[in-house]
Structure formats: structure tokens, C-alpha cells
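Listing of upload-v9.txt; format and content: compact mmCIF, C-alpha atoms and all ligand atoms.
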```txt
# COMPACT_ATOMS: atom_id res chain seq x y z
CA MET A 1 84.62 121.66 75.05
CA ALA A 2 82.27 123.54 72.71
CA ALA A 3 79.40 125.50 74.29
CA LEU A 4 76.07 123.74 74.55
CA GLU A 5 73.31 125.83 72.98
CA ILE A 6 69.63 125.29 73.74
CA ILE A 7 67.45 127.04 71.19
CA GLY A 8 63.73 127.88 71.53
CA VAL A 9 61.39 130.19 73.43
CA PRO A 10 61.24 129.63 77.20
CA GLN A 11 57.42 129.28 77.24
CA SER A 12 57.53 125.97 75.34
CA ASN A 13 57.02 123.02 77.70
CA TYR A 14 59.58 121.02 75.72
CA VAL A 15 62.21 123.78 75.84
CA TRP A 16 61.58 123.88 79.59
CA VAL A 17 62.27 120.13 79.77
CA VAL A 18 65.71 120.28 78.18
CA ARG A 19 66.71 123.36 80.16
CA MET A 20 65.58 121.61 83.35
CA VAL A 21 67.71 118.59 82.45
CA CYS A 22 70.73 120.91 82.22
CA GLU A 23 69.87 122.54 85.56
CA GLU A 24 69.27 119.21 87.29
CA LYS A 25 72.68 117.95 86.11
CA GLY A 26 74.53 121.24 86.66
CA VAL A 27 75.40 121.51 82.95
CA ALA A 28 76.21 125.04 81.72
CA TYR A 29 74.42 126.07 78.52
CA GLU A 30 73.77 129.11 76.39
CA PHE A 31 70.09 129.78 75.96
CA LYS A 32 69.09 131.24 72.58
CA PRO A 33 65.44 132.34 72.54
CA GLU A 34 64.16 131.60 69.04
CA ARG A 35 60.60 131.06 67.88
CA PRO A 36 59.49 127.96 65.94
CA HIS A 37 60.20 128.24 62.20
CA SER A 38 62.87 130.93 62.67
CA PRO A 39 65.94 130.38 60.46
CA ALA A 40 68.01 129.17 63.46
CA VAL A 41 65.38 126.52 64.24
CA ASP A 42 64.63 125.57 60.63
CA ALA A 43 68.36 124.93 60.15
CA ILE A 44 68.11 122.02 62.62
CA HIS A 45 64.48 120.79 62.85
CA PRO A 46 62.95 119.47 59.61
CA PHE A 47 59.54 120.85 60.68
CA GLY A 48 60.75 123.99 62.47
CA LYS A 49 59.79 122.94 66.01
CA ILE A 50 61.49 123.80 69.28
CA PRO A 51 63.64 122.92 71.14
CA VAL A 52 66.72 122.35 69.04
CA MET A 53 70.29 121.97 70.27
CA ARG A 54 73.78 122.71 68.99
CA HIS A 55 76.96 121.38 70.60
CA GLY A 56 80.05 121.84 68.42
CA ASP A 57 79.25 119.97 65.23
CA VAL A 58 76.37 118.05 66.84
CA THR A 59 72.88 119.37 66.13
CA LEU A 60 69.69 117.74 67.40
CA CYS A 61 65.96 118.24 67.51
CA GLU A 62 63.29 116.51 69.63
CA SER A 63 63.41 117.04 73.39
CA LYS A 64 63.86 113.35 74.28
CA ALA A 65 66.85 113.00 71.94
CA ILE A 66 68.38 116.23 73.26
CA ALA A 67 67.85 115.19 76.88
CA THR A 68 69.41 111.76 76.22
CA TYR A 69 72.45 113.34 74.56
CA ILE A 70 73.00 115.78 77.44
CA ASP A 71 72.55 113.02 80.00
CA ARG A 72 75.17 110.82 78.35
CA VAL A 73 77.73 113.40 77.26
CA PHE A 74 77.86 115.53 80.40
CA GLY A 75 78.45 114.75 84.07
CA GLY A 76 76.03 115.23 86.94
CA PRO A 77 73.23 112.98 88.20
CA ARG A 78 71.74 110.75 85.52
CA VAL A 79 68.17 111.62 84.57
CA ILE A 80 67.89 108.37 82.58
CA PRO A 81 69.06 105.50 84.78
CA ASP A 82 71.61 102.97 83.47
CA ASP A 83 69.42 100.08 84.60
CA ALA A 84 67.66 98.69 81.51
CA LYS A 85 64.26 98.25 83.16
CA LEU A 86 64.23 101.72 84.73
CA ALA A 87 65.48 103.32 81.49
CA ALA A 88 62.68 101.60 79.57
CA GLN A 89 60.14 102.85 82.11
CA VAL A 90 61.45 106.40 81.66
CA GLU A 91 61.10 105.93 77.88
CA GLN A 92 57.54 104.67 78.39
CA TRP A 93 56.46 107.71 80.46
CA VAL A 94 58.17 110.19 78.15
CA SER A 95 56.40 108.59 75.22
CA LEU A 96 53.03 108.62 77.02
CA GLY A 97 53.69 112.24 77.92
CA ASN A 98 54.44 113.27 74.36
CA VAL A 99 51.86 111.14 72.57
CA GLU A 100 48.95 111.29 75.04
CA PHE A 101 49.23 113.98 77.73
CA ASP A 102 50.82 116.76 75.66
CA LYS A 103 48.37 116.30 72.80
CA LEU A 104 45.35 116.79 75.05
CA MET A 105 46.58 118.85 77.98
CA ILE A 106 48.80 121.30 76.09
CA ARG A 107 47.80 121.30 72.39
CA GLN A 108 44.02 121.22 73.04
CA TYR A 109 43.39 122.51 76.57
CA VAL A 110 46.18 125.03 77.34
CA VAL A 111 46.63 126.25 73.75
CA GLY A 112 42.82 126.59 73.53
CA TYR A 113 43.00 129.19 76.28
CA ALA A 114 46.37 130.78 75.49
CA PHE A 115 46.13 131.03 71.70
CA PRO A 116 42.43 131.08 70.72
CA LYS A 117 41.75 131.08 66.98
CA GLU A 118 39.67 134.23 67.48
CA PRO A 119 41.81 136.55 69.64
CA GLY A 120 40.28 137.13 73.09
CA LYS A 121 37.54 134.53 72.49
CA PRO A 122 38.58 131.04 73.58
CA ASP A 123 36.32 128.29 72.20
CA MET A 124 34.84 127.22 75.55
CA ALA A 125 33.00 124.24 74.04
CA ALA A 126 36.27 122.78 72.74
CA ILE A 127 38.08 123.62 75.98
CA GLY A 128 35.32 121.99 78.06
CA ALA A 129 35.46 118.86 75.90
CA ALA A 130 39.25 118.67 76.29
CA ALA A 131 38.91 119.14 80.07
CA GLU A 132 36.47 116.21 80.26
CA LYS A 133 38.89 113.99 78.34
CA MET A 134 41.71 115.05 80.68
CA LYS A 135 39.99 113.52 83.73
CA PRO A 136 41.06 109.91 83.08
CA GLN A 137 44.58 111.11 82.22
CA VAL A 138 44.82 112.95 85.54
CA ALA A 139 43.57 109.81 87.33
CA VAL A 140 46.29 107.74 85.63
CA LEU A 141 49.00 110.20 86.67
CA ASP A 142 47.61 110.47 90.20
CA ARG A 143 48.00 106.71 90.67
CA ALA A 144 51.39 106.65 88.97
CA VAL A 145 53.01 109.24 91.27
CA ALA A 146 51.78 107.72 94.54
CA SER A 147 55.42 106.90 95.47
CA GLY A 148 56.56 110.48 94.73
CA HIS A 149 58.10 109.68 91.32
CA LEU A 150 56.94 108.20 88.03
CA VAL A 151 59.80 105.70 87.83
CA GLY A 152 61.66 103.80 90.55
CA GLU A 153 62.90 105.56 93.65
CA GLY A 154 64.38 108.68 92.08
CA PHE A 155 63.71 111.81 90.06
CA THR A 156 64.11 111.13 86.32
CA LEU A 157 63.43 112.54 82.87
CA ALA A 158 59.95 111.00 83.15
CA ASP A 159 59.16 113.51 85.92
CA ILE A 160 60.96 116.39 84.18
CA ASN A 161 58.92 115.78 81.02
CA ILE A 162 55.53 115.94 82.74
CA LEU A 163 56.09 118.77 85.25
CA PRO A 164 55.90 121.71 82.79
CA MET A 165 52.68 120.25 81.33
CA LEU A 166 51.10 120.05 84.80
CA PHE A 167 52.28 123.59 85.59
CA TYR A 168 50.46 124.95 82.53
CA VAL A 169 47.30 122.89 83.09
CA ARG A 170 47.06 124.22 86.64
CA ARG A 171 46.95 127.79 85.34
CA PHE A 172 43.40 127.40 84.06
CA GLU A 173 40.16 126.89 85.95
CA GLU A 174 39.15 123.33 85.08
CA GLY A 175 42.72 122.07 85.22
CA LYS A 176 43.35 123.69 88.57
CA ALA A 177 40.20 122.13 90.07
CA MET A 178 40.97 118.70 88.61
CA LEU A 179 44.56 118.70 89.85
CA ALA A 180 43.53 119.93 93.33
CA GLU A 181 41.33 116.85 93.70
CA ALA A 182 44.17 114.52 92.71
CA LYS A 183 45.91 114.25 96.07
CA ASN A 184 49.03 112.34 95.04
CA LEU A 185 49.55 114.61 92.05
CA SER A 186 49.06 117.74 94.18
CA ALA A 187 51.75 116.59 96.63
CA TYR A 188 54.00 115.64 93.69
CA MET A 189 53.62 119.07 92.11
CA GLU A 190 54.23 120.94 95.37
CA ARG A 191 57.39 118.95 95.95
CA HIS A 192 58.89 119.16 92.49
CA PHE A 193 57.78 122.68 91.54
CA ALA A 194 59.98 123.72 94.47
CA ARG A 195 63.11 122.19 92.90
CA GLU A 196 65.81 124.71 92.03
CA SER A 197 66.14 123.13 88.57
CA PHE A 198 62.43 123.70 87.90
CA LYS A 199 62.51 127.33 89.05
CA ARG A 200 65.75 128.19 87.24
CA SER A 201 64.45 126.85 83.93
CA ALA A 202 60.92 128.31 84.27
CA PRO A 203 59.69 130.85 81.69
CA PRO A 204 59.32 134.47 82.81
CA PRO A 205 55.83 135.26 84.18
CA PRO A 206 53.36 136.52 81.55
CA PRO A 207 52.91 140.31 81.43
CA LYS A 208 50.19 141.60 83.79
CA LYS A 209 46.90 142.67 82.16
CA ASP A 210 45.64 146.20 83.04
N1 LIG A 301 58.11 116.11 69.85
C1 LIG A 301 58.70 117.42 69.90
C2 LIG A 301 57.59 118.44 70.07
C3 LIG A 301 58.10 119.85 69.94
C4 LIG A 301 56.95 120.83 69.84
O1 LIG A 301 55.79 120.47 69.57
N2 LIG A 301 57.29 122.11 70.03
C5 LIG A 301 56.31 123.15 69.89
C6 LIG A 301 56.46 124.19 71.00
S1 LIG A 301 56.11 123.47 72.58
C7 LIG A 301 56.52 123.84 68.55
O2 LIG A 301 57.64 124.07 68.15
N3 LIG A 301 55.41 124.14 67.85
C8 LIG A 301 55.45 124.83 66.60
C9 LIG A 301 54.76 124.05 65.50
O3 LIG A 301 54.16 122.99 65.78
O4 LIG A 301 54.80 124.49 64.37
C10 LIG A 301 59.74 117.49 71.07
O5 LIG A 301 59.63 116.66 71.98
O6 LIG A 301 60.65 118.33 71.02
```

Output the file's structure in the form of C-alpha cells.
Ligand SMILES: N[C@@H](CCC(=O)N[C@@H](CS)C(=O)NCC(=O)O)C(=O)O
Amino acid sequence: MAALEIIGVPQSNYVWVVRMVCEEKGVAYEFKPERPHSPAVDAIHPFGKIPVMRHGDVTLCESKAIATYIDRVFGGPRVIPDDAKLAAQVEQWVSLGNVEFDKLMIRQYVVGYAFPKEPGKPDMAAIGAAAEKMKPQVAVLDRAVASGHLVGEGFTLADINILPMLFYVRRFEEGKAMLAEAKNLSAYMERHFARESFKRSAPPPPPKKD
């Protein structure tokens, strides 16, 4: 069988998701670190975003599509259940993750800190406003993971999709405080951040500042 290639920088939460799917299922893959809009990415994604995937003559973009392909084509535990209701619930949480949580938690809050428009000067007013808006989202997730998983009785793509976002939010002051107060979510993070699949697909730690 042709090699499975996952393309994109490891720091991207969505690249992390598809790599974690591979690790969770025990699927071997070649990781090709490429930035958004590089020629290798532009050749597959119409808007140059990461991750993208190549498997023989199959190329794909969009993390959900890539994860679904890997789940169906390769062996290992299913991350999207066969059961129609559970599969639809996974779809629902992945969609909420990508349309609601990522937009606020990553694109506004985390990116506000990590990539400020003026280097070294994060816009604290915008970050504070994003943090306020995150509170109801955190409350929703805290209720949703009371059983230990977002969907059904098992670990699914719904969980894989949200874990890298929570990891990044917890790196910054307001996010850390908010998540510490969410007791179900704290227990959920402790449990799943310890998974081998999460650790093996994690980005390298950022360089230490002097
Ligand atoms: N819906 C896409 C989102 C991908 C995405 O936003 N990737 C970011 C990195 S985490 C990116 O490539 N950003 C570059 C850009 O927006 O130009 C997916 O699920 O794969």
C-alpha cells in the first residue's frame, strides 16, 4: 500500500488532530512539515491551509475529511462509530468545534497572544473580549464531558478534535483560570492529555525565552 503522508506544521491544532487519529488507530504515516501556502500545500488545498494529505493518488484537505478517510481505509479502533446516531453526534461536535470553538478559542484568543499584529505587543483589549466570550463555550463543554467523553461511551474524533484546542487555551492566563474552574473539563483534560496518541502527536515545546 502507498505511504500515507500528513502535511502541515505540527503546531497547527488541525494537523495535531489528524496525526492523533493515526496514532490512536496505530496507522503508520510520513509526516511532512510544511507551512500554509507552501507549494506542497497549495497543490492540494484550494486556499493553502493545513493539514493536507496524500495517499497514493488520493489527495485531501480539511481535517474532518482526512480523519474520515483514514478511519475508513485503515484498520485499528474506529474514531467515528458505525452507529448512525453516534456518527452524527461526532459530526455535530466536530462541526461545533470547527465553527464555534476554534474561531473564538484559537483564531481570536490563542492567536491573539501567539501572533500579535504588533510583534511583542498582544492586543489585550481584544484578548480580554475573546476570553469573556469563551466563558459560555467552556460551560457548554464542561457539561458535555461530564461522562468523560463528548459522544457515547467511548473516545472518538469529537474528543480528538477538541483536545488540541483546549491544550492551547490552557497555555494562557485567562484560559488556564477558566478551565481550572470547569471541573468536568479539568478531569477530561488530565485523562486524555495523558493518552499516548496525544503525546506522540503533540508539537515540540516552544523554544525557551532567555
Ligand atoms: N477547516 C480546516 C481549517 C484548517 C486551518 O484553519 N488551518 C490553519 C492552521 S491551524 C491554516 O492553515 N491557516 C492558514 C491560513 O488561514 O491562511 C480544517 O479543518 O482542516

**Message:** Could you list, as a list in words, every residue within 12 Å of Met189 (chain A), counting all atoms listed in the file and ignoring same-chain residues fewer than 4 positions away?
**Reply:**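 Final neighbour list, sorted by chain and number: Leu141, Asp142, Val145, Ala146, Gly148, His149, Asp159, Ile160, Ile162, Leu163, Pro164, Met165, Leu166, Phe167, Tyr168, Val169, Arg170, Lys176, Leu179, Ala180, Ala182, Lys183, Asn184, Leu185, Phe193, Ala194, Arg195 and Phe198 of chain A.
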
Residue neighbourhood region 125-140 of chain A, 9 Å, all atoms listed in the file, exclusion window fewer than 5 positions, as a short mmCIF file (atom, residue, chain, number, x, y, z; two decimals) with C-alpha atoms, in the frame of the given file:
```
data_model
loop_
_atom_site.label_atom_id
_atom_site.label_comp_id
_atom_site.auth_asym_id
_atom_site.auth_seq_id
_atom_site.Cartn_x
_atom_site.Cartn_y
_atom_site.Cartn_z
CA GLU A 100 48.95 111.29 75.04
CA PHE A 101 49.23 113.98 77.73
CA LEU A 104 45.35 116.79 75.05
CA MET A 105 46.58 118.85 77.98
CA GLN A 108 44.02 121.22 73.04
CA TYR A 109 43.39 122.51 76.57
CA VAL A 110 46.18 125.03 77.34
CA GLY A 112 42.82 126.59 73.53
CA TYR A 113 43.00 129.19 76.28
CA VAL A 145 53.01 109.24 91.27
CA GLU A 174 39.15 123.33 85.08
CA GLY A 175 42.72 122.07 85.22
CA MET A 178 40.97 118.70 88.61
CA LEU A 179 44.56 118.70 89.85
CA ALA A 182 44.17 114.52 92.71
CA LEU A 185 49.55 114.61 92.05
#
```

**Test item: residues no farther than 8 Å from ligand LIG 301 (chain A), counting all atoms listed in the file, as a VMD selection string** = chain A and resid 8 11 to 15 35 to 37 47 to 52 61 to 64 98

**Request:** Find the spatial neighbours of Ala28 (chain A), counting only C-alpha atoms, within a cut-off of 12 Å - ignore same-chain residues fewer than 3 positions away - and output them as a PyMOL selection string.
**Result:** chain A and resi 1-6+19-25+31+55+70+74-76

**Item:** Pairwise distance for CA of Glu196 (chain A) and CA of Trp16 (chain A), rounded to one decimal in Å
**Value:**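 Separation of CA of Glu196 (chain A) and CA of Trp16 (chain A): 13.2 Å.
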
**Request:** State, in Å with one decimal place, the distance from CA of Ala114 (chain A) to CA of Leu150 (chain A).
**Result:**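 Taking CA of Ala114 (chain A) as the start and CA of Leu150 (chain A) as the end point, the length is 27.9 Å.
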
**Complete:** One decimal place gives the CA of Gln89 (chain A)-CA of Asn161 (chain A) separation as 13.0 Å

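With all atoms listed in the file taken into account, the protein and nucleic acid residues at most 7 Å from Pro203 (chain A) (excluding it and anything under 2 positions from it in its own chain) are A:Pro10, A:Gln11, A:Ser201, A:Pro205.
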
For the residues in that selection, give me C-alpha atoms as a JSON list (two decimals), keeping the file's coordinate frame.
```
[["chain", "number", "residue", "atom", "x", "y", "z"],
["A", 10, "PRO", "CA", 61.24, 129.63, 77.20],
["A", 11, "GLN", "CA", 57.42, 129.28, 77.24],
["A", 201, "SER", "CA", 64.45, 126.85, 83.93],
["A", 205, "PRO", "CA", 55.83, 135.26, 84.18]]
```

**Prompt:** Closest to Pro206 (chain A) among A:Lys103, A:Lys85, A:His192, A:Arg171, using only C-alpha atoms?
**Reply:**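 Among A:Lys103, A:Lys85, A:His192, A:Arg171, it is A:Arg171 that comes nearest to Pro206 (chain A).
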
Take region 95-115 of chain A, bring it up to N, CA, C and O atoms, and give me the output as a compact mmCIF listing (two decimals), in the frame of the given file.
```
# COMPACT_ATOMS: atom_id res chain seq x y z
N SER A 95 57.21 108.82 76.40
CA SER A 95 56.40 108.59 75.22
C SER A 95 54.92 108.85 75.52
O SER A 95 54.22 109.52 74.74
N LEU A 96 54.43 108.34 76.65
CA LEU A 96 53.03 108.62 77.02
C LEU A 96 52.81 110.13 77.16
O LEU A 96 51.79 110.67 76.74
N GLY A 97 53.79 110.79 77.75
CA GLY A 97 53.69 112.24 77.92
C GLY A 97 53.55 112.93 76.58
O GLY A 97 52.67 113.78 76.38
N ASN A 98 54.40 112.54 75.63
CA ASN A 98 54.44 113.27 74.36
C ASN A 98 53.30 112.88 73.41
O ASN A 98 52.80 113.71 72.66
N VAL A 99 52.89 111.61 73.50
CA VAL A 99 51.86 111.14 72.57
C VAL A 99 50.45 111.35 73.13
O VAL A 99 49.53 111.65 72.38
N GLU A 100 50.29 111.21 74.45
CA GLU A 100 48.95 111.29 75.04
C GLU A 100 48.73 112.61 75.80
O GLU A 100 47.84 113.38 75.47
N PHE A 101 49.52 112.85 76.84
CA PHE A 101 49.23 113.98 77.73
C PHE A 101 49.44 115.33 77.03
O PHE A 101 48.62 116.23 77.14
N ASP A 102 50.56 115.48 76.33
CA ASP A 102 50.82 116.76 75.66
C ASP A 102 49.74 117.08 74.64
O ASP A 102 49.27 118.22 74.54
N LYS A 103 49.35 116.07 73.89
CA LYS A 103 48.37 116.30 72.80
C LYS A 103 47.07 116.87 73.34
O LYS A 103 46.47 117.76 72.74
N LEU A 104 46.62 116.33 74.49
CA LEU A 104 45.35 116.79 75.05
C LEU A 104 45.56 117.98 75.99
O LEU A 104 44.93 119.05 75.81
N MET A 105 46.44 117.81 76.95
CA MET A 105 46.58 118.85 77.98
C MET A 105 47.14 120.16 77.43
O MET A 105 46.65 121.23 77.77
N ILE A 106 48.17 120.06 76.59
CA ILE A 106 48.80 121.30 76.09
C ILE A 106 48.16 121.73 74.76
O ILE A 106 47.64 122.83 74.65
N ARG A 107 48.22 120.85 73.75
CA ARG A 107 47.80 121.30 72.39
C ARG A 107 46.31 121.63 72.35
O ARG A 107 45.90 122.53 71.60
N GLN A 108 45.46 120.91 73.11
CA GLN A 108 44.02 121.22 73.04
C GLN A 108 43.59 122.14 74.18
O GLN A 108 42.98 123.17 73.94
N TYR A 109 43.93 121.76 75.42
CA TYR A 109 43.39 122.51 76.57
C TYR A 109 44.14 123.85 76.78
O TYR A 109 43.54 124.92 76.69
N VAL A 110 45.43 123.80 77.03
CA VAL A 110 46.18 125.03 77.34
C VAL A 110 46.23 125.96 76.12
O VAL A 110 45.96 127.16 76.24
N VAL A 111 46.56 125.41 74.96
CA VAL A 111 46.63 126.25 73.75
C VAL A 111 45.25 126.83 73.43
O VAL A 111 45.14 127.96 72.96
N GLY A 112 44.19 126.08 73.74
CA GLY A 112 42.82 126.59 73.53
C GLY A 112 42.59 127.89 74.29
O GLY A 112 41.95 128.81 73.78
N TYR A 113 43.10 127.95 75.49
CA TYR A 113 43.00 129.19 76.28
C TYR A 113 44.02 130.25 75.83
O TYR A 113 43.69 131.43 75.69
N ALA A 114 45.27 129.81 75.68
CA ALA A 114 46.37 130.78 75.49
C ALA A 114 46.42 131.36 74.08
O ALA A 114 46.80 132.52 73.90
N PHE A 115 46.05 130.56 73.09
CA PHE A 115 46.13 131.03 71.70
C PHE A 115 44.82 130.73 70.97
O PHE A 115 44.79 129.90 70.05
```
